[in-house]
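Q: What follows is the file structure_37.csv, containing CSV, C-alpha atoms:
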chain,number,residue,atom,x,y,z
A,1,MET,CA,121.2,73.5,102.0
A,2,LEU,CA,119.7,73.2,98.5
A,3,GLU,CA,117.9,70.0,99.4
A,4,LYS,CA,114.8,72.1,100.2
A,5,CYS,CA,115.0,73.8,96.7
A,6,SER,CA,112.3,72.5,94.4
A,7,LEU,CA,113.5,74.6,91.5
A,8,CYS,CA,110.0,76.2,91.4
A,9,GLY,CA,111.4,79.4,89.7
A,10,LEU,CA,109.7,81.9,92.0
A,11,CYS,CA,113.1,83.5,92.5
A,12,LYS,CA,113.2,84.6,88.9
A,13,GLN,CA,110.6,87.3,89.2
A,14,THR,CA,112.8,89.4,91.6
A,15,CYS,CA,116.2,88.7,90.0
A,16,PRO,CA,117.5,91.8,88.2
A,17,VAL,CA,119.8,89.8,85.9
A,18,PHE,CA,117.0,87.6,84.7
A,19,LYS,CA,114.7,90.6,84.3
A,20,ALA,CA,117.3,92.3,82.1
A,21,THR,CA,118.1,89.3,79.9
A,22,LEU,CA,115.0,87.1,80.2
A,23,LYS,CA,117.3,84.1,79.7
A,24,GLU,CA,116.7,81.0,81.8
A,25,THR,CA,120.4,80.4,82.0
A,26,ASP,CA,120.7,83.8,83.8
A,27,SER,CA,118.1,82.9,86.4
A,28,PRO,CA,118.6,82.0,90.0
A,29,ARG,CA,116.9,78.7,89.3
A,30,THR,CA,119.7,77.7,86.9
A,31,GLN,CA,122.3,78.7,89.4
A,32,ALA,CA,120.6,76.6,92.0
A,33,LEU,CA,120.6,73.7,89.6
A,34,LEU,CA,124.3,74.1,88.8
A,35,ILE,CA,125.1,74.1,92.6
A,36,LYS,CA,122.9,71.0,93.1
A,37,LYS,CA,124.8,69.2,90.4
A,38,ASP,CA,128.1,70.5,91.8
A,39,ILE,CA,129.0,72.1,88.5
A,40,LEU,CA,131.4,75.1,88.4
A,41,ASP,CA,130.4,77.4,85.7
A,42,ILE,CA,131.2,81.0,84.6
A,43,GLN,CA,127.5,81.6,85.0
A,44,PHE,CA,128.1,82.3,88.7
A,45,LEU,CA,129.9,85.5,87.8
A,46,LYS,CA,126.7,87.0,86.3
A,47,CYS,CA,124.9,87.1,89.6
A,48,THR,CA,124.8,90.5,91.3
A,49,LEU,CA,124.7,88.9,94.8
A,50,CYS,CA,121.8,91.3,95.6
A,51,ASN,CA,119.9,88.5,97.4
A,52,ALA,CA,116.6,89.4,95.7
A,53,CYS,CA,116.0,85.7,95.0
A,54,PHE,CA,115.7,85.2,98.7
A,55,ILE,CA,112.7,87.5,98.9
A,56,ASP,CA,110.3,85.2,97.1
A,57,CYS,CA,111.9,81.8,97.9
A,58,PRO,CA,109.4,79.6,99.7
A,59,SER,CA,112.3,77.6,101.1
A,60,GLU,CA,114.2,80.6,102.3
A,61,ILE,CA,117.5,79.5,100.6
A,62,PRO,CA,120.3,82.1,100.8
A,63,LEU,CA,121.3,81.4,97.2
A,64,ALA,CA,123.6,84.5,97.0
A,65,ASN,CA,125.8,83.0,99.8
A,66,LEU,CA,126.1,79.7,98.0
A,67,ILE,CA,126.9,81.5,94.7
A,68,ARG,CA,129.6,83.5,96.5
A,69,GLU,CA,131.2,80.2,97.6
A,70,LYS,CA,131.1,78.8,94.1
A,71,ARG,CA,132.6,82.0,92.7
A,72,ALA,CA,135.6,81.6,95.0
A,73,LEU,CA,136.2,78.1,93.8
A,74,LEU,CA,135.8,79.1,90.2
A,75,ILE,CA,138.3,82.0,90.6
A,76,GLN,CA,140.8,79.6,92.2
A,77,LYS,CA,140.4,77.2,89.3
A,78,LEU,CA,140.7,79.9,86.6
A,79,GLN,CA,143.6,81.9,88.2
A,80,THR,CA,146.8,81.8,86.2
A,81,ASN,CA,150.4,82.4,87.4
A,82,ALA,CA,150.3,85.7,85.6
A,83,ASN,CA,147.2,86.7,87.7
A,84,LYS,CA,148.9,85.6,90.9
A,85,GLU,CA,152.0,87.6,90.1
A,86,MET,CA,150.0,90.7,89.3
A,87,ILE,CA,148.0,90.4,92.5
A,88,ASN,CA,151.2,90.0,94.5
A,89,ASN,CA,152.6,93.1,92.8
A,90,MET,CA,149.5,95.1,93.7
A,91,ARG,CA,149.8,94.1,97.3
A,92,LYS,CA,153.5,94.7,97.6
A,93,HIS,CA,154.0,97.7,95.2
A,94,ASN,CA,150.5,99.2,94.7
A,95,ASN,CA,150.7,98.5,91.0
A,96,PRO,CA,150.5,95.4,88.8
A,97,TYR,CA,154.0,95.7,87.3
A,98,GLY,CA,156.2,95.3,90.4
A,99,ASN,CA,159.0,97.4,91.7
A,100,LEU,CA,159.1,100.4,89.3
A,101,ASN,CA,162.6,101.2,90.3
A,102,GLU,CA,163.8,97.9,88.7
A,103,ILE,CA,161.9,98.6,85.4
A,104,LYS,CA,164.1,100.4,82.8
A,105,LYS,CA,162.4,103.6,81.6
A,106,PRO,CA,162.3,103.8,77.8
A,107,GLU,CA,164.3,106.7,76.4
A,108,ASN,CA,161.9,107.3,73.5
A,109,LEU,CA,158.2,106.6,74.3
A,110,TRP,CA,157.2,106.8,70.6
A,111,GLY,CA,160.1,104.7,69.2
As structure tokens - that is how I would like this structure written.
A:
Amino acid sequence: MLEKCSLCGLCKQTCPVFKATLKETDSPRTQALLIKKDILDIQFLKCTLCNACFIDCPSEIPLANLIREKRALLIQKLQTNANKEMINNMRKHNNPYGNLNEIKKPENLWG
């Protein structure tokens, strides 16, 4: 889908993240370049997914959708066993610690 992207940079003028930081690395153009080069980078987490970059894109590229896909891959890559356990505990027990009945309550909280 990014074959049509010429990296013209028109998307930068509507991007709230770029407007706030004025850093090229925070621009939609940089994110499009990373996707074109198939690079997973933490930079994808900075995007607000607001789709403002689509407004001025002459090629009408839904960059936010592509960034969302890259984020999912990035999170899978960065997820640790501790994260997985915490997520499972949240789903099963509604807290990150697990079954609270199995956790021994401390007698002295300040000791």
Q: I need the residue nearest Cys50 (chain A) from this list: A:Asn89, A:Ala64, A:Asp26, A:Leu2. Use all atoms listed in the file for the distance.
A: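 That would be A:Ala64, the residue with the smallest distance to Cys50 (chain A).
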Q: Counting only C-alpha atoms, figure out which residue out of A:Leu63, A:Leu78, A:Val17, A:Cys8 gets nearest to Ile42 (chain A).
A: A:Leu78
Q: Interatomic distance between CA of Ile35 (chain A) and CA of Ile67 (chain A)?
A: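 Here the two named atoms are 7.9 Å from each other.
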Q: CA of Phe54 (chain A) and CA of Pro28 (chain A) are how many Å apart?
A: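 According to the coordinates, CA of Phe54 (chain A) and CA of Pro28 (chain A) are separated by 9.7 Å.
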Q: Taking all atoms listed in the file into account, which of A:Leu49, A:Ile55, A:Met86, A:Ile39 comes nearest Lys12 (chain A)?
A: A:Ile55
Q: To one decimal in Å, tell me the separation between CA of Glu3 (chain A) and CA of Pro16 (chain A).
A: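 So the two atoms, CA of Glu3 (chain A) and CA of Pro16 (chain A), lie 24.5 Å apart.
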Q: Would you please work out which residue, of A:Ala82, A:Leu74, A:Leu100, A:Met90, is nearest to Gln43 (chain A) when using all atoms listed in the file?
A: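 Of A:Ala82, A:Leu74, A:Leu100, A:Met90, the one nearest Gln43 (chain A), counting all atoms listed in the file, is A:Leu74.
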Q: When distances are computed from only C-alpha atoms, which of A:Pro96, A:Arg91, A:Lys84, A:Cys57 shows the smallest separation from Thr14 (chain A)?
A: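 Checking each candidate against Thr14 (chain A), we get A:Cys57 as the closest.
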Q: Neighbouring residues of Lys77 (chain A) were defined as those with any atom within 12 Å, considering only C-alpha atoms; residues of the same chain fewer than 5 positions away were excluded. Please report them as a ChimeraX atom specification.
A: /A:40-42,70-72,83
Q: Smallest atom-to-atom distance to Arg68 (chain A): which of A:Leu45, A:Cys53, A:Met1, A:Leu7, using all atoms listed in the file?
A: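 Looking at the shortest contact to Arg68 (chain A), the residue is A:Leu45.
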Q: Would you mind completing region 3-27 of chain A so that it carries N, CA and C atoms, and writing it out as a PDB file, in the frame of the given file?
A:
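The file below, out-v4.pdb, is the result:
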ATOM      1  N   GLU A   3     118.823  71.136  99.411  1.00  0.00           N
ATOM      2  CA  GLU A   3     117.900  70.000  99.400  1.00  0.00           C
ATOM      3  C   GLU A   3     116.452  70.460  99.397  1.00  0.00           C
ATOM      4  N   LYS A   4     116.214  71.580 100.069  1.00  0.00           N
ATOM      5  CA  LYS A   4     114.800  72.100 100.200  1.00  0.00           C
ATOM      6  C   LYS A   4     114.386  72.798  98.876  1.00  0.00           C
ATOM      7  N   CYS A   5     115.322  73.116  97.974  1.00  0.00           N
ATOM      8  CA  CYS A   5     115.000  73.800  96.700  1.00  0.00           C
ATOM      9  C   CYS A   5     114.237  72.885  95.782  1.00  0.00           C
ATOM     10  N   SER A   6     113.046  73.293  95.377  1.00  0.00           N
ATOM     11  CA  SER A   6     112.300  72.500  94.400  1.00  0.00           C
ATOM     12  C   SER A   6     112.404  72.981  93.010  1.00  0.00           C
ATOM     13  N   LEU A   7     113.261  73.971  92.805  1.00  0.00           N
ATOM     14  CA  LEU A   7     113.500  74.600  91.500  1.00  0.00           C
ATOM     15  C   LEU A   7     112.153  75.137  90.932  1.00  0.00           C
ATOM     16  N   CYS A   8     111.355  75.723  91.809  1.00  0.00           N
ATOM     17  CA  CYS A   8     110.000  76.200  91.400  1.00  0.00           C
ATOM     18  C   CYS A   8     110.110  77.459  90.510  1.00  0.00           C
ATOM     19  N   GLY A   9     111.186  78.230  90.620  1.00  0.00           N
ATOM     20  CA  GLY A   9     111.400  79.400  89.700  1.00  0.00           C
ATOM     21  C   GLY A   9     110.756  80.687  90.271  1.00  0.00           C
ATOM     22  N   LEU A  10     110.204  80.692  91.468  1.00  0.00           N
ATOM     23  CA  LEU A  10     109.700  81.900  92.000  1.00  0.00           C
ATOM     24  C   LEU A  10     110.743  83.000  92.199  1.00  0.00           C
ATOM     25  N   CYS A  11     111.964  82.561  92.336  1.00  0.00           N
ATOM     26  CA  CYS A  11     113.100  83.500  92.500  1.00  0.00           C
ATOM     27  C   CYS A  11     113.348  84.331  91.268  1.00  0.00           C
ATOM     28  N   LYS A  12     112.911  83.864  90.125  1.00  0.00           N
ATOM     29  CA  LYS A  12     113.200  84.600  88.900  1.00  0.00           C
ATOM     30  C   LYS A  12     112.524  85.947  88.811  1.00  0.00           C
ATOM     31  N   GLN A  13     111.343  86.076  89.401  1.00  0.00           N
ATOM     32  CA  GLN A  13     110.600  87.300  89.200  1.00  0.00           C
ATOM     33  C   GLN A  13     111.240  88.517  89.925  1.00  0.00           C
ATOM     34  N   THR A  14     112.130  88.281  90.895  1.00  0.00           N
ATOM     35  CA  THR A  14     112.800  89.400  91.600  1.00  0.00           C
ATOM     36  C   THR A  14     114.258  89.563  91.154  1.00  0.00           C
ATOM     37  N   CYS A  15     114.770  88.656  90.371  1.00  0.00           N
ATOM     38  CA  CYS A  15     116.200  88.700  90.000  1.00  0.00           C
ATOM     39  C   CYS A  15     116.422  89.771  88.908  1.00  0.00           C
ATOM     40  N   PRO A  16     117.278  90.766  89.204  1.00  0.00           N
ATOM     41  CA  PRO A  16     117.500  91.800  88.200  1.00  0.00           C
ATOM     42  C   PRO A  16     118.249  91.347  86.975  1.00  0.00           C
ATOM     43  N   VAL A  17     119.072  90.340  87.111  1.00  0.00           N
ATOM     44  CA  VAL A  17     119.800  89.800  85.900  1.00  0.00           C
ATOM     45  C   VAL A  17     118.807  89.115  85.006  1.00  0.00           C
ATOM     46  N   PHE A  18     117.956  88.272  85.566  1.00  0.00           N
ATOM     47  CA  PHE A  18     117.000  87.600  84.700  1.00  0.00           C
ATOM     48  C   PHE A  18     115.993  88.587  84.104  1.00  0.00           C
ATOM     49  N   LYS A  19     115.585  89.600  84.860  1.00  0.00           N
ATOM     50  CA  LYS A  19     114.700  90.600  84.300  1.00  0.00           C
ATOM     51  C   LYS A  19     115.311  91.350  83.133  1.00  0.00           C
ATOM     52  N   ALA A  20     116.617  91.552  83.198  1.00  0.00           N
ATOM     53  CA  ALA A  20     117.300  92.300  82.100  1.00  0.00           C
ATOM     54  C   ALA A  20     117.513  91.424  80.883  1.00  0.00           C
ATOM     55  N   THR A  21     117.792  90.136  81.064  1.00  0.00           N
ATOM     56  CA  THR A  21     118.100  89.300  79.900  1.00  0.00           C
ATOM     57  C   THR A  21     116.991  88.383  79.464  1.00  0.00           C
ATOM     58  N   LEU A  22     116.102  88.040  80.406  1.00  0.00           N
ATOM     59  CA  LEU A  22     115.000  87.100  80.200  1.00  0.00           C
ATOM     60  C   LEU A  22     115.514  85.748  79.633  1.00  0.00           C
ATOM     61  N   LYS A  23     116.714  85.375  80.090  1.00  0.00           N
ATOM     62  CA  LYS A  23     117.300  84.100  79.700  1.00  0.00           C
ATOM     63  C   LYS A  23     117.244  83.165  80.933  1.00  0.00           C
ATOM     64  N   GLU A  24     116.722  81.986  80.729  1.00  0.00           N
ATOM     65  CA  GLU A  24     116.700  81.000  81.800  1.00  0.00           C
ATOM     66  C   GLU A  24     118.047  80.701  82.369  1.00  0.00           C
ATOM     67  N   THR A  25     119.050  80.726  81.503  1.00  0.00           N
ATOM     68  CA  THR A  25     120.400  80.400  82.000  1.00  0.00           C
ATOM     69  C   THR A  25     120.928  81.499  82.928  1.00  0.00           C
ATOM     70  N   ASP A  26     120.331  82.685  82.926  1.00  0.00           N
ATOM     71  CA  ASP A  26     120.700  83.800  83.800  1.00  0.00           C
ATOM     72  C   ASP A  26     119.860  83.808  85.093  1.00  0.00           C
ATOM     73  N   SER A  27     118.998  82.841  85.264  1.00  0.00           N
ATOM     74  CA  SER A  27     118.100  82.900  86.400  1.00  0.00           C
ATOM     75  C   SER A  27     118.675  82.224  87.647  1.00  0.00           C
TER      76      SER A  27
END
